[in-house]
Amino acid sequence: MQPLKQFWVAEALEKDLGDPGNPESMMSFKQVIDLDEKEEFPQEIIDWLYNWKLQHYYIPTECGGEFTRFDEFISFVRVLSRRDQTAGIAFTTMFWSYLVWMAGTDEQKQILSSFMKDANGTMCLAYSEKAHGSDLLGGDMQATKVDGGYILNGEKWPINRATRSGVAFVLARTDPDGGPRSLSLFMVEKSKINPDNFSNLPKILTHGIRGSDMSGICFDNCFIPESMRLGAEGMGLELALKGFQITRALCAAFSQGAADTALRTTLKFAIERKLYGKTVFDMPQPRRTLTDAFLDILICDCSTFGVGRGFSTMPEQISVWSAVVKYFVTTTLETVVNNVSVVLGSRFYMREAHDWGIFQKVLRDNSIISMFDGSSVVNLHALLLQLRQLTKSRARNAGKNLEALEARLATTFDLTQNLPAFNGKKLELVNRGGDDVLQGLDLALASLEKLKTDSNLNPDTLYQIITLTDIVREELNNLDVKITESTFQFGHEQDPELFDMAKQYCILHAAAACVYTWIYNRNHLGEFFANGEWLALSLRRLMSNLRPATSLPGRIDDSCVVQEMIRLYNEDRMFSIVPFQLAKSQLQETTTDATPKLQLQT
Ligand SMILES: Cc1cc2nc3c(=O)[nH]c(=O)nc-3n(C[C@H](O)[C@H](O)[C@H](O)COP(=O)(O)OP(=O)(O)OC[C@H]3O[C@@H](n4cnc5c(N)ncnc54)[C@H](O)[C@@H]3O)c2cc1C
């Protein structure tokens, strides 16, 4: 069994779901494609997941469930998402429950917990409005105070699971005068309101996740009791934004699952397909594309696990981390899917030719992840508003409280360390104290220098890691100067250059997350991880976004990365820094030539 406990649920779920390449297994590629073709909601899959009691892992233990930590959550959502984002997203709308675990009364928590566990219930998040999109404060939905409660009026659209949900989290205006305290959030239990006063809008036909229950919800003079309000009146926007810090970061898990399937199915093609007397994989160009995709997945892994654990260790900083991960991981993995599509050739565009056409479904489904729950620009905007403060904090904190900083980084990035319980009350709307991840670069460099005496490490690889980490630090200093000199003002009309700075911040953040992940896990994630070639290659890849390749150290030999990718493929393991066991593949698809798995000759 996998020694790291946080992967046990994911492995058990994988085992029970079975090989997605076997048409008979639950959530097989064939089944999910068939449903997608019919645009049918995956009810059988959802029922199976409820019977498996997966919903318990969305409910914290203190509220009667099994959830203890976000890194465990991320891993099993990856498992769902590698098979089908439609079902994965539909089931995971349950993570909106975090609004209640954070801000609900004991009674509200109890109601929601038993609704999820005993009634197979789910919820939807009703924030967006047709006329207002990202502008939550501009919304028209009204909640007018009356005796004992509120009267809801207005429409929310487009809302995932608006129709097939028993609870809607509705953001509505309680103060007609407007302003940041004008919104309140309600946990509307549909079974307890008059059905004559609310209705659903028709299903929306979408480009991807076609079987989703996408519609809208409309309230017409609908009375809701005061007991359905979450938190204090007027605190709706603050609660919504804090809830987004959680859900946006966790969206990364959807993308990681999709990227795994995109790479796996393309790899399968590349090692089976023969051209010019060799396989496609034997050709350097496609092999490089696939290897770079694998590196991108590993880079994103470090950020995703980092934020997953960071919720417990540095919740005050999650306003930054969450925006970084929602932007960086989802867009990077979207690019991974696009990049590997070139290797799959014409089959990437076909709806049945290779692995039942799962690739084209992944491509369509996955393109929503970077957009919903706060688009890329919305997340970059949330980040850029904090950049000036982050720069100031970094200067102010330099060289101070280093032991405490190192201890926080170690607990966050060392996957073997226990985590303190997550306390949602510690989330902050904006980061005031600084960002440990970039603050710790000097510490990281000092740790790397000490490794020069480690005879197990290849000195050339370590030299690359140190040199490239130093470049990360230099680029951070350059960025700090640019931020300080910028003509930044708060508001929505930000210069595109500030968005570029926020993107650079994300890249530096991701690079630092990779470095700590390596430093703190070298002794327990296996030989490939410990040797560090993947890290040197990843850092070079990240820094080539900021500097011309000619000014970086030359690319080292990547054969060990290629070998690891093939090992994980052959052994049915997740493409990850923690390659946990996936369901074993047994049947080869009948429509493709079933050649044995690749014996790599490198
Ligand atoms: C499949 C799907 C599922 C969804 N599920 C839900 C759900 O469950 N619940 C829910 O409430 N909503 C949901 N949404 C709605 C989604 O969150 C909205 O689409 C989103 O809020 C953006 O709104 P919009 O599309 O109207 O674009 P707008 O917000 O109108 O944006 C228009 C343009 O302005 C730009 N822009 C916006 N803000 C900024 C800024 N600060 N700086 C610079 N440029 C900016 C945008 O990038 C875009 O180019 C879903 C949408 C889809 C497609």
# chains A, B, ... in the order shown; residues from 1 in each chain; ligands from 1
>>> residues_around(residues="region 295-299 of chain A", least_positions_apart="6", cutoff="8 Å", atoms="only C-alpha atoms", output="PyMOL selection string")
chain A and resi 256+259-260+332-333+336+510-511+514+534+537-538+575-577
>>> closest_atom_pairs(of="chain A", to="ligand 1", cutoff="9 Å", atoms="only C-alpha atoms and all ligand atoms", output="JSON lines")
{"residue": "A:Thr93", "atom": "CA", "partner": "ligand 1", "partner_atom_place_in_ligand_line": "8 (O)", "distance": 7.7}
{"residue": "A:Cys124", "atom": "CA", "partner": "ligand 1", "partner_atom_place_in_ligand_line": "8 (O)", "distance": 6.0}
{"residue": "A:Leu125", "atom": "CA", "partner": "ligand 1", "partner_atom_place_in_ligand_line": "9 (N)", "distance": 4.6}
{"residue": "A:Ala126", "atom": "CA", "partner": "ligand 1", "partner_atom_place_in_ligand_line": "11 (O)", "distance": 4.4}
{"residue": "A:Tyr127", "atom": "CA", "partner": "ligand 1", "partner_atom_place_in_ligand_line": "11 (O)", "distance": 3.5}
{"residue": "A:Ser128", "atom": "CA", "partner": "ligand 1", "partner_atom_place_in_ligand_line": "11 (O)", "distance": 3.8}
{"residue": "A:Glu129", "atom": "CA", "partner": "ligand 1", "partner_atom_place_in_ligand_line": "11 (O)", "distance": 7.2}
{"residue": "A:Lys130", "atom": "CA", "partner": "ligand 1", "partner_atom_place_in_ligand_line": "26 (O)", "distance": 6.2}
{"residue": "A:Ala131", "atom": "CA", "partner": "ligand 1", "partner_atom_place_in_ligand_line": "26 (O)", "distance": 7.0}
{"residue": "A:His132", "atom": "CA", "partner": "ligand 1", "partner_atom_place_in_ligand_line": "30 (O)", "distance": 6.0}
{"residue": "A:Gly133", "atom": "CA", "partner": "ligand 1", "partner_atom_place_in_ligand_line": "23 (O)", "distance": 3.3}
{"residue": "A:Ser134", "atom": "CA", "partner": "ligand 1", "partner_atom_place_in_ligand_line": "29 (O)", "distance": 3.6}
{"residue": "A:Asp135", "atom": "CA", "partner": "ligand 1", "partner_atom_place_in_ligand_line": "29 (O)", "distance": 6.1}
{"residue": "A:Leu136", "atom": "CA", "partner": "ligand 1", "partner_atom_place_in_ligand_line": "21 (O)", "distance": 8.1}
{"residue": "A:Lys156", "atom": "CA", "partner": "ligand 1", "partner_atom_place_in_ligand_line": "11 (O)", "distance": 7.1}
{"residue": "A:Trp157", "atom": "CA", "partner": "ligand 1", "partner_atom_place_in_ligand_line": "12 (N)", "distance": 6.5}
{"residue": "A:Pro158", "atom": "CA", "partner": "ligand 1", "partner_atom_place_in_ligand_line": "14 (N)", "distance": 5.0}
{"residue": "A:Ile159", "atom": "CA", "partner": "ligand 1", "partner_atom_place_in_ligand_line": "7 (C)", "distance": 3.9}
{"residue": "A:Asn160", "atom": "CA", "partner": "ligand 1", "partner_atom_place_in_ligand_line": "8 (O)", "distance": 3.9}
{"residue": "A:Arg161", "atom": "CA", "partner": "ligand 1", "partner_atom_place_in_ligand_line": "8 (O)", "distance": 6.9}
{"residue": "A:Ala162", "atom": "CA", "partner": "ligand 1", "partner_atom_place_in_ligand_line": "8 (O)", "distance": 7.5}
{"residue": "A:Val170", "atom": "CA", "partner": "ligand 1", "partner_atom_place_in_ligand_line": "11 (O)", "distance": 8.6}
{"residue": "A:Leu171", "atom": "CA", "partner": "ligand 1", "partner_atom_place_in_ligand_line": "11 (O)", "distance": 8.8}
{"residue": "A:Ile204", "atom": "CA", "partner": "ligand 1", "partner_atom_place_in_ligand_line": "1 (C)", "distance": 8.8}
{"residue": "A:Thr206", "atom": "CA", "partner": "ligand 1", "partner_atom_place_in_ligand_line": "1 (C)", "distance": 6.7}
{"residue": "A:His207", "atom": "CA", "partner": "ligand 1", "partner_atom_place_in_ligand_line": "1 (C)", "distance": 8.4}
{"residue": "A:Gly208", "atom": "CA", "partner": "ligand 1", "partner_atom_place_in_ligand_line": "1 (C)", "distance": 7.7}
{"residue": "A:Ile209", "atom": "CA", "partner": "ligand 1", "partner_atom_place_in_ligand_line": "1 (C)", "distance": 7.3}
{"residue": "A:Arg210", "atom": "CA", "partner": "ligand 1", "partner_atom_place_in_ligand_line": "1 (C)", "distance": 9.0}
{"residue": "A:Ser212", "atom": "CA", "partner": "ligand 1", "partner_atom_place_in_ligand_line": "1 (C)", "distance": 8.2}
{"residue": "A:Met214", "atom": "CA", "partner": "ligand 1", "partner_atom_place_in_ligand_line": "3 (C)", "distance": 6.8}
{"residue": "A:Ser215", "atom": "CA", "partner": "ligand 1", "partner_atom_place_in_ligand_line": "5 (N)", "distance": 8.9}
{"residue": "A:Gly216", "atom": "CA", "partner": "ligand 1", "partner_atom_place_in_ligand_line": "9 (N)", "distance": 8.9}
{"residue": "A:Asp365", "atom": "CA", "partner": "ligand 1", "partner_atom_place_in_ligand_line": "1 (C)", "distance": 8.9}
{"residue": "A:Ile368", "atom": "CA", "partner": "ligand 1", "partner_atom_place_in_ligand_line": "1 (C)", "distance": 6.1}
{"residue": "A:Ile369", "atom": "CA", "partner": "ligand 1", "partner_atom_place_in_ligand_line": "1 (C)", "distance": 8.4}
{"residue": "A:Met371", "atom": "CA", "partner": "ligand 1", "partner_atom_place_in_ligand_line": "20 (C)", "distance": 7.0}
{"residue": "A:Phe372", "atom": "CA", "partner": "ligand 1", "partner_atom_place_in_ligand_line": "17 (O)", "distance": 4.5}
{"residue": "A:Asp373", "atom": "CA", "partner": "ligand 1", "partner_atom_place_in_ligand_line": "17 (O)", "distance": 5.0}
{"residue": "A:Gly374", "atom": "CA", "partner": "ligand 1", "partner_atom_place_in_ligand_line": "17 (O)", "distance": 5.8}
{"residue": "A:Ser375", "atom": "CA", "partner": "ligand 1", "partner_atom_place_in_ligand_line": "47 (O)", "distance": 6.5}
{"residue": "A:Ser376", "atom": "CA", "partner": "ligand 1", "partner_atom_place_in_ligand_line": "47 (O)", "distance": 7.2}
{"residue": "A:Val377", "atom": "CA", "partner": "ligand 1", "partner_atom_place_in_ligand_line": "47 (O)", "distance": 5.3}
{"residue": "A:Val378", "atom": "CA", "partner": "ligand 1", "partner_atom_place_in_ligand_line": "41 (N)", "distance": 4.9}
{"residue": "A:Asn379", "atom": "CA", "partner": "ligand 1", "partner_atom_place_in_ligand_line": "41 (N)", "distance": 8.1}
{"residue": "A:Leu380", "atom": "CA", "partner": "ligand 1", "partner_atom_place_in_ligand_line": "42 (N)", "distance": 8.0}
{"residue": "A:His381", "atom": "CA", "partner": "ligand 1", "partner_atom_place_in_ligand_line": "41 (N)", "distance": 5.4}
{"residue": "A:Ala382", "atom": "CA", "partner": "ligand 1", "partner_atom_place_in_ligand_line": "41 (N)", "distance": 7.7}
{"residue": "A:Gly491", "atom": "CA", "partner": "ligand 1", "partner_atom_place_in_ligand_line": "41 (N)", "distance": 8.3}
{"residue": "A:His492", "atom": "CA", "partner": "ligand 1", "partner_atom_place_in_ligand_line": "41 (N)", "distance": 5.2}
{"residue": "A:Glu493", "atom": "CA", "partner": "ligand 1", "partner_atom_place_in_ligand_line": "42 (N)", "distance": 6.8}
{"residue": "A:Gln494", "atom": "CA", "partner": "ligand 1", "partner_atom_place_in_ligand_line": "42 (N)", "distance": 7.0}
{"residue": "A:Pro496", "atom": "CA", "partner": "ligand 1", "partner_atom_place_in_ligand_line": "43 (C)", "distance": 8.6}
{"residue": "A:Phe499", "atom": "CA", "partner": "ligand 1", "partner_atom_place_in_ligand_line": "43 (C)", "distance": 8.6}
>>> residues_around(residues="Glu107 (chain A)", least_positions_apart="6", cutoff="12 Å", atoms="only C-alpha atoms", output="list in words")
Cys63, Val100, Trp101, Ser113, Ser114, Ser227, Met228, Arg229 and Leu230 of chain A
>>> write_last_selection(atoms="all heavy atoms", output="PDB file, in the first residue's frame")
ATOM      1  N   CYS A  63     -18.033  17.730  11.573  1.00  0.00           N
ATOM      2  CA  CYS A  63     -19.429  17.889  11.156  1.00  0.00           C
ATOM      3  C   CYS A  63     -20.036  16.531  10.792  1.00  0.00           C
ATOM      4  O   CYS A  63     -21.087  16.462  10.135  1.00  0.00           O
ATOM      5  CB  CYS A  63     -19.531  18.839   9.972  1.00  0.00           C
ATOM      6  SG  CYS A  63     -18.942  20.495  10.324  1.00  0.00           S
ATOM      7  N   VAL A 100     -20.682  26.522   4.389  1.00  0.00           N
ATOM      8  CA  VAL A 100     -21.390  26.224   5.648  1.00  0.00           C
ATOM      9  C   VAL A 100     -20.412  25.763   6.721  1.00  0.00           C
ATOM     10  O   VAL A 100     -20.488  26.190   7.878  1.00  0.00           O
ATOM     11  CB  VAL A 100     -22.490  25.160   5.397  1.00  0.00           C
ATOM     12  CG1 VAL A 100     -23.184  24.783   6.697  1.00  0.00           C
ATOM     13  CG2 VAL A 100     -23.497  25.692   4.399  1.00  0.00           C
ATOM     14  N   TRP A 101     -19.469  24.921   6.333  1.00  0.00           N
ATOM     15  CA  TRP A 101     -18.489  24.469   7.350  1.00  0.00           C
ATOM     16  C   TRP A 101     -17.723  25.686   7.898  1.00  0.00           C
ATOM     17  O   TRP A 101     -17.314  25.705   9.041  1.00  0.00           O
ATOM     18  CB  TRP A 101     -17.502  23.441   6.791  1.00  0.00           C
ATOM     19  CG  TRP A 101     -18.066  22.339   5.927  1.00  0.00           C
ATOM     20  CD1 TRP A 101     -17.494  21.820   4.799  1.00  0.00           C
ATOM     21  CD2 TRP A 101     -19.284  21.597   6.118  1.00  0.00           C
ATOM     22  NE1 TRP A 101     -18.288  20.827   4.272  1.00  0.00           N
ATOM     23  CE2 TRP A 101     -19.382  20.669   5.052  1.00  0.00           C
ATOM     24  CE3 TRP A 101     -20.313  21.639   7.063  1.00  0.00           C
ATOM     25  CZ2 TRP A 101     -20.455  19.788   4.915  1.00  0.00           C
ATOM     26  CZ3 TRP A 101     -21.386  20.764   6.920  1.00  0.00           C
ATOM     27  CH2 TRP A 101     -21.451  19.855   5.874  1.00  0.00           C
ATOM     28  N   SER A 113     -24.982  18.408   6.581  1.00  0.00           N
ATOM     29  CA  SER A 113     -24.262  17.136   6.688  1.00  0.00           C
ATOM     30  C   SER A 113     -25.225  15.963   6.489  1.00  0.00           C
ATOM     31  O   SER A 113     -24.939  15.029   5.721  1.00  0.00           O
ATOM     32  CB  SER A 113     -23.573  17.092   8.059  1.00  0.00           C
ATOM     33  OG  SER A 113     -23.053  15.839   8.299  1.00  0.00           O
ATOM     34  N   SER A 114     -26.378  16.012   7.148  1.00  0.00           N
ATOM     35  CA  SER A 114     -27.268  14.856   6.986  1.00  0.00           C
ATOM     36  C   SER A 114     -27.934  14.883   5.603  1.00  0.00           C
ATOM     37  O   SER A 114     -28.214  13.819   5.032  1.00  0.00           O
ATOM     38  CB  SER A 114     -28.290  14.768   8.125  1.00  0.00           C
ATOM     39  OG  SER A 114     -29.255  15.735   7.974  1.00  0.00           O
ATOM     40  N   SER A 227     -33.367  31.760   9.140  1.00  0.00           N
ATOM     41  CA  SER A 227     -32.435  30.668   9.476  1.00  0.00           C
ATOM     42  C   SER A 227     -31.659  30.181   8.256  1.00  0.00           C
ATOM     43  O   SER A 227     -30.689  29.433   8.386  1.00  0.00           O
ATOM     44  CB  SER A 227     -33.213  29.500  10.087  1.00  0.00           C
ATOM     45  OG  SER A 227     -34.183  29.044   9.165  1.00  0.00           O
ATOM     46  N   MET A 228     -32.058  30.596   7.068  1.00  0.00           N
ATOM     47  CA  MET A 228     -31.312  30.173   5.858  1.00  0.00           C
ATOM     48  C   MET A 228     -30.158  31.121   5.528  1.00  0.00           C
ATOM     49  O   MET A 228     -29.424  30.878   4.574  1.00  0.00           O
ATOM     50  CB  MET A 228     -32.263  30.078   4.661  1.00  0.00           C
ATOM     51  CG  MET A 228     -33.184  28.882   4.731  1.00  0.00           C
ATOM     52  SD  MET A 228     -34.130  28.682   3.224  1.00  0.00           S
ATOM     53  CE  MET A 228     -35.190  27.305   3.679  1.00  0.00           C
ATOM     54  N   ARG A 229     -30.055  32.234   6.271  1.00  0.00           N
ATOM     55  CA  ARG A 229     -28.934  33.156   5.984  1.00  0.00           C
ATOM     56  C   ARG A 229     -27.644  32.567   6.561  1.00  0.00           C
ATOM     57  O   ARG A 229     -27.624  32.067   7.685  1.00  0.00           O
ATOM     58  CB  ARG A 229     -29.206  34.529   6.603  1.00  0.00           C
ATOM     59  CG  ARG A 229     -28.335  35.609   5.970  1.00  0.00           C
ATOM     60  CD  ARG A 229     -28.452  36.930   6.699  1.00  0.00           C
ATOM     61  NE  ARG A 229     -28.033  36.782   8.077  1.00  0.00           N
ATOM     62  CZ  ARG A 229     -28.739  37.171   9.134  1.00  0.00           C
ATOM     63  NH1 ARG A 229     -29.914  37.750   8.990  1.00  0.00           N
ATOM     64  NH2 ARG A 229     -28.270  36.965  10.354  1.00  0.00           N
ATOM     65  N   LEU A 230     -26.575  32.646   5.758  1.00  0.00           N
ATOM     66  CA  LEU A 230     -25.271  32.162   6.230  1.00  0.00           C
ATOM     67  C   LEU A 230     -24.454  33.352   6.716  1.00  0.00           C
ATOM     68  O   LEU A 230     -24.227  34.298   5.956  1.00  0.00           O
ATOM     69  CB  LEU A 230     -24.504  31.514   5.082  1.00  0.00           C
ATOM     70  CG  LEU A 230     -24.760  30.046   4.776  1.00  0.00           C
ATOM     71  CD1 LEU A 230     -23.928  29.618   3.579  1.00  0.00           C
ATOM     72  CD2 LEU A 230     -24.414  29.178   5.983  1.00  0.00           C
TER      73      LEU A 230
END
>>> residues_around(residues="Pro23 (chain A)", least_positions_apart="4", cutoff="10 Å", atoms="only C-alpha atoms", output="list in words")
Gly18, Asp19, Met27, Ser28, Phe29, Lys30, Gln31, Val32, Trp356, Leu587 and Glu589 of chain A
>>> select_by_dssp(residues="region 266-373 of chain A", states="strand (DSSP E)", output="list in words")
Lys274, Leu275, Lys278 and Thr279 of chain A
>>> residues_around(residues="region 188-195 of chain A", least_positions_apart="6", cutoff="6 Å", atoms="only C-alpha atoms", output="short mmCIF file (atom, residue, chain, number, x, y, z; two decimals) with N, CA and C atoms, in the first residue's frame")
data_model
loop_
_atom_site.label_atom_id
_atom_site.label_comp_id
_atom_site.auth_asym_id
_atom_site.auth_seq_id
_atom_site.Cartn_x
_atom_site.Cartn_y
_atom_site.Cartn_z
N GLY A 166 -30.67 20.14 -4.16
CA GLY A 166 -31.66 20.42 -3.12
C GLY A 166 -31.37 21.70 -2.36
N VAL A 167 -30.11 22.16 -2.47
CA VAL A 167 -29.73 23.40 -1.78
C VAL A 167 -29.07 24.32 -2.78
N ALA A 168 -29.44 25.60 -2.74
CA ALA A 168 -28.78 26.60 -3.58
C ALA A 168 -28.15 27.65 -2.66
N MET A 228 -32.06 30.60 7.07
CA MET A 228 -31.31 30.17 5.86
C MET A 228 -30.16 31.12 5.53
#
>>> atom_distance(atom1="CA of Ala90 (chain A)", atom2="CA of Val9 (chain A)")
19.1 Å
>>> closest_residue(among="A:Phe422, A:Phe528, A:Tyr57, A:Phe169", to="Phe311 (chain A)", atoms="only C-alpha atoms")
A:Phe422
>>> select_by_dssp(residues="region 338-371 of chain A", states="helix (DSSP H, G or I)", output="ChimeraX atom specification")
/A:338-349,355-366
>>> residues_around(residues="Ala253 (chain A)", least_positions_apart="6", cutoff="6 Å", atoms="only C-alpha atoms", output="JSON, numbers by chain")
{"A": [74, 77, 78]}
>>> closest_residue(among="A:Leu237, A:Val337, A:Leu390, A:Leu35", to="Gly138 (chain A)", atoms="only C-alpha atoms")
A:Leu237
>>> atom_distance(atom1="CA of Glu11 (chain A)", atom2="CA of Leu582 (chain A)")
6.4 Å
>>> residues_around(residues="Ala258 (chain A)", least_positions_apart="5", cutoff="7 Å", atoms="only C-alpha atoms", output="PyMOL selection string")
chain A and resi 81-82+362+366
>>> atom_distance(atom1="CA of Gly104 (chain A)", atom2="CA of Glu62 (chain A)")
13.1 Å
>>> closest_residue(among="A:Ala119, A:Leu498, A:Leu13, A:Met574", to="Phe294 (chain A)", atoms="only C-alpha atoms")
A:Met574
>>> decode(residues="region 513-522 of chain A", atoms="all heavy atoms", output="JSON list (two decimals), in the first residue's frame")
[["chain", "number", "residue", "atom", "x", "y", "z"],
["A", 513, "ALA", "N", 7.75, 26.62, -5.46],
["A", 513, "ALA", "CA", 7.03, 25.44, -4.92],
["A", 513, "ALA", "C", 7.74, 24.15, -5.34],
["A", 513, "ALA", "O", 7.85, 23.21, -4.55],
["A", 513, "ALA", "CB", 5.58, 25.45, -5.41],
["A", 514, "CYS", "N", 8.25, 24.11, -6.58],
["A", 514, "CYS", "CA", 8.99, 22.92, -7.04],
["A", 514, "CYS", "C", 10.25, 22.72, -6.20],
["A", 514, "CYS", "O", 10.58, 21.59, -5.80],
["A", 514, "CYS", "CB", 9.39, 23.08, -8.50],
["A", 514, "CYS", "SG", 8.03, 23.06, -9.65],
["A", 515, "VAL", "N", 10.96, 23.82, -5.95],
["A", 515, "VAL", "CA", 12.23, 23.71, -5.20],
["A", 515, "VAL", "C", 11.97, 23.17, -3.79],
["A", 515, "VAL", "O", 12.63, 22.23, -3.33],
["A", 515, "VAL", "CB", 12.95, 25.07, -5.15],
["A", 515, "VAL", "CG1", 14.21, 24.98, -4.27],
["A", 515, "VAL", "CG2", 13.32, 25.53, -6.55],
["A", 516, "TYR", "N", 10.98, 23.73, -3.09],
["A", 516, "TYR", "CA", 10.71, 23.24, -1.72],
["A", 516, "TYR", "C", 10.23, 21.79, -1.74],
["A", 516, "TYR", "O", 10.57, 21.01, -0.87],
["A", 516, "TYR", "CB", 9.63, 24.07, -1.01],
["A", 516, "TYR", "CG", 9.93, 25.52, -0.91],
["A", 516, "TYR", "CD1", 9.06, 26.46, -1.45],
["A", 516, "TYR", "CD2", 11.09, 25.97, -0.30],
["A", 516, "TYR", "CE1", 9.34, 27.81, -1.38],
["A", 516, "TYR", "CE2", 11.37, 27.33, -0.23],
["A", 516, "TYR", "CZ", 10.49, 28.23, -0.78],
["A", 516, "TYR", "OH", 10.77, 29.56, -0.72],
["A", 517, "THR", "N", 9.39, 21.48, -2.71],
["A", 517, "THR", "CA", 8.87, 20.11, -2.76],
["A", 517, "THR", "C", 10.05, 19.12, -2.84],
["A", 517, "THR", "O", 10.06, 18.09, -2.17],
["A", 517, "THR", "CB", 7.93, 19.93, -3.97],
["A", 517, "THR", "OG1", 6.91, 20.92, -3.89],
["A", 517, "THR", "CG2", 7.26, 18.56, -3.97],
["A", 518, "TRP", "N", 11.05, 19.51, -3.64],
["A", 518, "TRP", "CA", 12.22, 18.62, -3.77],
["A", 518, "TRP", "C", 13.03, 18.60, -2.46],
["A", 518, "TRP", "O", 13.35, 17.53, -1.93],
["A", 518, "TRP", "CB", 13.09, 19.10, -4.93],
["A", 518, "TRP", "CG", 14.23, 18.16, -5.23],
["A", 518, "TRP", "CD1", 14.12, 16.88, -5.68],
["A", 518, "TRP", "CD2", 15.63, 18.43, -5.10],
["A", 518, "TRP", "NE1", 15.37, 16.33, -5.85],
["A", 518, "TRP", "CE2", 16.32, 17.26, -5.51],
["A", 518, "TRP", "CE3", 16.37, 19.54, -4.71],
["A", 518, "TRP", "CZ2", 17.72, 17.18, -5.52],
["A", 518, "TRP", "CZ3", 17.77, 19.45, -4.73],
["A", 518, "TRP", "CH2", 18.42, 18.29, -5.12],
["A", 519, "ILE", "N", 13.32, 19.78, -1.94],
["A", 519, "ILE", "CA", 14.16, 19.85, -0.74],
["A", 519, "ILE", "C", 13.56, 19.01, 0.39],
["A", 519, "ILE", "O", 14.27, 18.26, 1.06],
["A", 519, "ILE", "CB", 14.33, 21.33, -0.29],
["A", 519, "ILE", "CG1", 15.24, 22.07, -1.27],
["A", 519, "ILE", "CG2", 14.88, 21.41, 1.14],
["A", 519, "ILE", "CD1", 15.37, 23.57, -0.98],
["A", 520, "TYR", "N", 12.25, 19.13, 0.58],
["A", 520, "TYR", "CA", 11.65, 18.51, 1.76],
["A", 520, "TYR", "C", 11.18, 17.06, 1.55],
["A", 520, "TYR", "O", 10.70, 16.44, 2.49],
["A", 520, "TYR", "CB", 10.48, 19.36, 2.26],
["A", 520, "TYR", "CG", 10.93, 20.70, 2.81],
["A", 520, "TYR", "CD1", 10.57, 21.89, 2.21],
["A", 520, "TYR", "CD2", 11.77, 20.75, 3.93],
["A", 520, "TYR", "CE1", 11.01, 23.11, 2.70],
["A", 520, "TYR", "CE2", 12.22, 21.97, 4.42],
["A", 520, "TYR", "CZ", 11.83, 23.14, 3.80],
["A", 520, "TYR", "OH", 12.27, 24.34, 4.29],
["A", 521, "ASN", "N", 11.28, 16.54, 0.32],
["A", 521, "ASN", "CA", 10.80, 15.17, 0.09],
["A", 521, "ASN", "C", 11.85, 14.27, -0.54],
["A", 521, "ASN", "O", 11.53, 13.18, -1.00],
["A", 521, "ASN", "CB", 9.55, 15.20, -0.81],
["A", 521, "ASN", "CG", 8.37, 15.87, -0.14],
["A", 521, "ASN", "OD1", 7.71, 15.29, 0.71],
["A", 521, "ASN", "ND2", 8.13, 17.12, -0.50],
["A", 522, "ARG", "N", 13.10, 14.74, -0.56],
["A", 522, "ARG", "CA", 14.13, 13.98, -1.28],
["A", 522, "ARG", "C", 14.31, 12.56, -0.75],
["A", 522, "ARG", "O", 14.70, 11.67, -1.49],
["A", 522, "ARG", "CB", 15.47, 14.72, -1.21],
["A", 522, "ARG", "CG", 15.52, 15.92, -2.15],
["A", 522, "ARG", "CD", 16.84, 16.63, -2.04],
["A", 522, "ARG", "NE", 17.97, 15.72, -2.12],
["A", 522, "ARG", "CZ", 18.76, 15.41, -1.10],
["A", 522, "ARG", "NH1", 18.59, 15.97, 0.07],
["A", 522, "ARG", "NH2", 19.75, 14.55, -1.25]]
